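Worksheet: one structure, shown below.
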Amino acid sequence: MVKEGTNRLSPVEEGLFTPPPYTESPPKLLGGYCRKCRQHYFPRPRHCRRCLDPVEGASLGSEGKLYSFTVIRTRPPLGLPQPYGVGYVDLEECGLRIFGLLDPGAVDRLRIGLPVRLAVAPLGHDARGERCLRPYFTPMEAD
Amino acid sequence: MPDVAVIGIGMLPFGRHPERTVVDMGTEATLLALQDAGLPPARVGAGFFANALAGRLFGDMTIGQNVFGEAGINRIPVINVENACTSGSTAFYLAYNAVAAGQVEVALAAGAEKMCVPGFGLINSGENELETKLGLVTPASFALRAMRHMAEFGTTPAQLAAVSVKNRRHARHNPMAQFREPVTVEDVLTAPMIADPLTRLMCCPIADGAAAAILCSTASARRMQRAVQVKAAVLCSGSYENPQDLVRWETDYRVCRLAYEKAGVDPADLDLVECHDAFSIAEILHYEALGLCLPGEGGRLAAEGETALGGRIPVNTSGGLLSRGHPVAATGLAQVCEVITQLRGEAGQRQVAKAKIGLAHCAGGDKDGDTKSSTVLIFAV
């Protein structure tokens with residue numbers, strides 16, 4: 001669910017996900033694609049690491065399955081909630097396995113293989129201490 | 001190409017040294033290594049100094065010249081090295097290369113780190129990296145491997161704890177280790193949870209410390225009774241391919257295989273191993289990459305005592321990072337000190353009987369689900 005204030009905050013880093021608002025369509029991850037090497041990248045690099053050609057922008061979709069996860073229970077960095085979850089997600093559309101935050105409200109429901117979907121919301125702060133938008137994955141199944 | 005030997009080692013007990021600076025600790029380790037080698041400072045032809053964090057914590061930079069200058073080593077090439085947790089073993093690798101290439105007769109590798117300062121917090125792989133901005137801290141990167149290892153191979157929390165219990169038992173006889181009291185499996189499992197399934201006693205503590213080694217050509221070392229041969233010094237970075245398999249860690253397997261090839265030895269030839277047990281799961285993964293057991297069997301290997309002193313292949317007889325603590329840039333050289341001490345037959349109550357071949361394995365830094373740097377050093381007498 002998109003929380004209030006989402007539209008006014010800056011993303012933790014530009015170009016990682018489609019910008020809000022998400023009233024028309026849900027957020028999607030953005031990355032890169034090299035046509036020659038048929039290789040996806042997240043985040044989007046300037047050049048393909050295999051052939052060094054420029055990489056075009058590509059949507060990486062929003063759904064995947066949890067490959068592994070953990071819940072960090074000690075004092076969190078960057079104003080993140082305590083505890084908070086992180087994991088590797090195997091993205092459905094492109095096959096990349098990417099690191100990401102997991103829904104802080106779902107730390108008790110995490111399991112390997114869990115289908116998850118991208119969300120974007122204010123979560124923690126950036127290096128300057130400003131609240132910011134972060135992408136995270138949330139379980140697709142209801143509670 | 002000249003063969004290379006280690007002729008001197010020196011280290012400080014790892015722990016809290018609030019009154020000491022990085023330079024002060026690095027100098028003492030260097031002087032101890034010179035003394036051990038019986039060499040005057042003027043004999044050193046090149047110096048490699050490792051430090052990872054003093055720039056960030058204290059605003060220091062280019063520290064090697066300060067350290068070596070204090071130890072009376074000047075005029076020669078001095079190179080400052082930062083390579084995450086392998087900073088110290090990378091300095092060793094460079095010193096080895098300098099001697100092996102015939103550039104210098106004698107080279108010095110030293111590493112020092114000061115971490116016990118207020119508010120140090122959890123370590124990460126660089127503040128500006130996307131993974132760090134998305135909440136990755138180093139314990140989590142290994143917790144993610146542990147969760148996957150448990151799911152794929154049935155590894156249990158008790159097996160993870162067995163690594164911590166074993167290493168603490170080893171540390172009892174190592175005056176260089178910070179934590180020397182034994183712990184039980186129950187102690188480890190009931191310690192505060194850091195990142196599921198890793199409790200505090202499955203994560204290495206921070207420390208202040210320094211360690212150093214002096215290398216020279218085997219020809220020059222011939223008359224030295226306590227010289228130990230370097231059979232291989234290998235450094236790899238990651239492949240950064242996607243997807244990465246978090247439990248069949250390609251880079252870790254690759255660096256181990258290269259070192260065995262270079263040294264002409266098999267896992268079965270090893271008498272002891274020091275490996276990078278920054279987290280108990282890491283030691284289990286390294287058993288598998290090193291070929292000490294089949295993939296997936298590392299937890300069982302630890303729990304059944306095969307890697308304990310007196311077992312088939314003792315691992316981390318020093319107590320490892322889990323007991324010593326992990327002053328980042330000193331760790332790789334502390335591992336060298338332990339293997340050399342064992343191969344010299346000078347390890348006292350933790351001595352591995354008739355130890356002839358030993359290996360030191362180090363890894364550091366996260367990038368794209370892979371390591372930034374991994375080193376394997378193989379030694380023989």
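Labels for the structure tokens follow display order: chains A, B, ..., residues from 1 in each chain, ligands from 1.
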At a cut-off of 7 Å, list the chain B residues touching chain A, using only C-alpha atoms, as a list in words.
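Written out as asked, the residues are Glu131, Leu134, Gly135, Ala140, Ala143, Leu144, Met147, Arg148, Met193, Ile194, Ala195, Asp196, Asn242 and Pro243 of chain B.
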Once you have the residues from the selection above, write them out as a JSON list (two decimals), in the first residue's frame, restricted to C-alpha atoms.
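Written output follows (out-v2.json):
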[["chain", "number", "residue", "atom", "x", "y", "z"],
["B", 131, "GLU", "CA", 23.13, -2.78, -1.25],
["B", 134, "LEU", "CA", 19.04, -0.95, 0.94],
["B", 135, "GLY", "CA", 20.00, -2.15, 4.42],
["B", 140, "ALA", "CA", 23.07, -10.17, 7.07],
["B", 143, "ALA", "CA", 22.80, -14.87, 7.54],
["B", 144, "LEU", "CA", 21.31, -15.06, 4.03],
["B", 147, "MET", "CA", 19.29, -19.57, 5.79],
["B", 148, "ARG", "CA", 19.80, -20.98, 2.32],
["B", 193, "MET", "CA", 20.01, -12.84, 17.81],
["B", 194, "ILE", "CA", 21.88, -10.52, 15.41],
["B", 195, "ALA", "CA", 20.44, -11.66, 12.05],
["B", 196, "ASP", "CA", 18.45, -14.91, 11.84],
["B", 242, "ASN", "CA", 23.85, -12.91, -11.68],
["B", 243, "PRO", "CA", 22.31, -15.08, -10.30]]
So that I can check the secondary structure, give me every residue of stretch 264-363 of chain B assigned helix (DSSP H, G or I) by backbone DSSP, as a count of residues only.
43
Set the distance at 9 Å and use only C-alpha atoms: which residues neighbour B:Lys367 once local chain neighbours fewer than 6 positions away are removed? I'd like the list as an mmCIF file with N, CA and C atoms, in the first residue's frame.
data_model
loop_
_atom_site.group_PDB
_atom_site.id
_atom_site.type_symbol
_atom_site.label_atom_id
_atom_site.label_comp_id
_atom_site.auth_asym_id
_atom_site.auth_seq_id
_atom_site.Cartn_x
_atom_site.Cartn_y
_atom_site.Cartn_z
ATOM 1 N N SER B 125 29.776 -2.768 3.425
ATOM 2 C CA SER B 125 30.769 -2.906 2.356
ATOM 3 C C SER B 125 31.053 -1.589 1.641
ATOM 4 N N GLU B 129 27.305 2.178 -1.618
ATOM 5 C CA GLU B 129 26.877 1.061 -2.455
ATOM 6 C C GLU B 129 25.373 0.866 -2.304
ATOM 7 N N GLU B 131 23.533 -1.753 -2.219
ATOM 8 C CA GLU B 131 23.128 -2.776 -1.245
ATOM 9 C C GLU B 131 23.176 -2.224 0.180
ATOM 10 N N GLY B 238 35.590 -11.409 -7.208
ATOM 11 C CA GLY B 238 34.401 -12.180 -7.556
ATOM 12 C C GLY B 238 34.118 -12.166 -9.046
ATOM 13 N N TYR B 240 30.835 -11.711 -10.001
ATOM 14 C CA TYR B 240 29.698 -10.773 -10.025
ATOM 15 C C TYR B 240 28.664 -11.136 -11.078
#
Compile the contact shell of B:Leu294 as a PyMOL selection string: residues with an atom at most 12 Å away, counting only C-alpha atoms, same-chain residues fewer than 3 positions apart removed.
chain B and resi 153+248+253+267+284-291+297-301
Contact residues around stretch 47-59 of chain B with only C-alpha atoms at 8 Å, ignoring same-chain residues under 2 positions, as an MDAnalysis selection string:
chainID B and resid 22 44:45 61 63:64 68 76:85 87:88 90:92 94:95 107:115 328:330
Apply DSSP to the structure's backbone, then extract all residues of chain A labelled strand (DSSP E) and return them as an MDAnalysis selection string.
chainID A and resid 29:34 39:41 56:61 63:72 84:91 97:102 115:125 131:139
Could you list, as a ChimeraX atom specification, every residue within 7 Å of B:Asp271, counting only C-alpha atoms and ignoring same-chain residues fewer than 3 positions away?
/B:313,355-358
With distances taken over only C-alpha atoms, which of B:Glu306, B:Glu105, B:Ala161, B:Cys256 is nearest to B:Ala191?
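Checking each of B:Glu306, B:Glu105, B:Ala161, B:Cys256 against B:Ala191, counting only C-alpha atoms, the winner is B:Ala161.
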Neighbour list for A:Pro139 as number ranges by chain, cut-off 12 Å, only C-alpha atoms, skip fewer than 4 positions in-chain:
A: 1, 62-66, 89, 101-119, 143
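Shortest atom-to-atom contact with A:Phe17 among A:Glu56, A:Thr138, A:Arg38, A:Arg44: A:Arg44, counting only C-alpha atoms.
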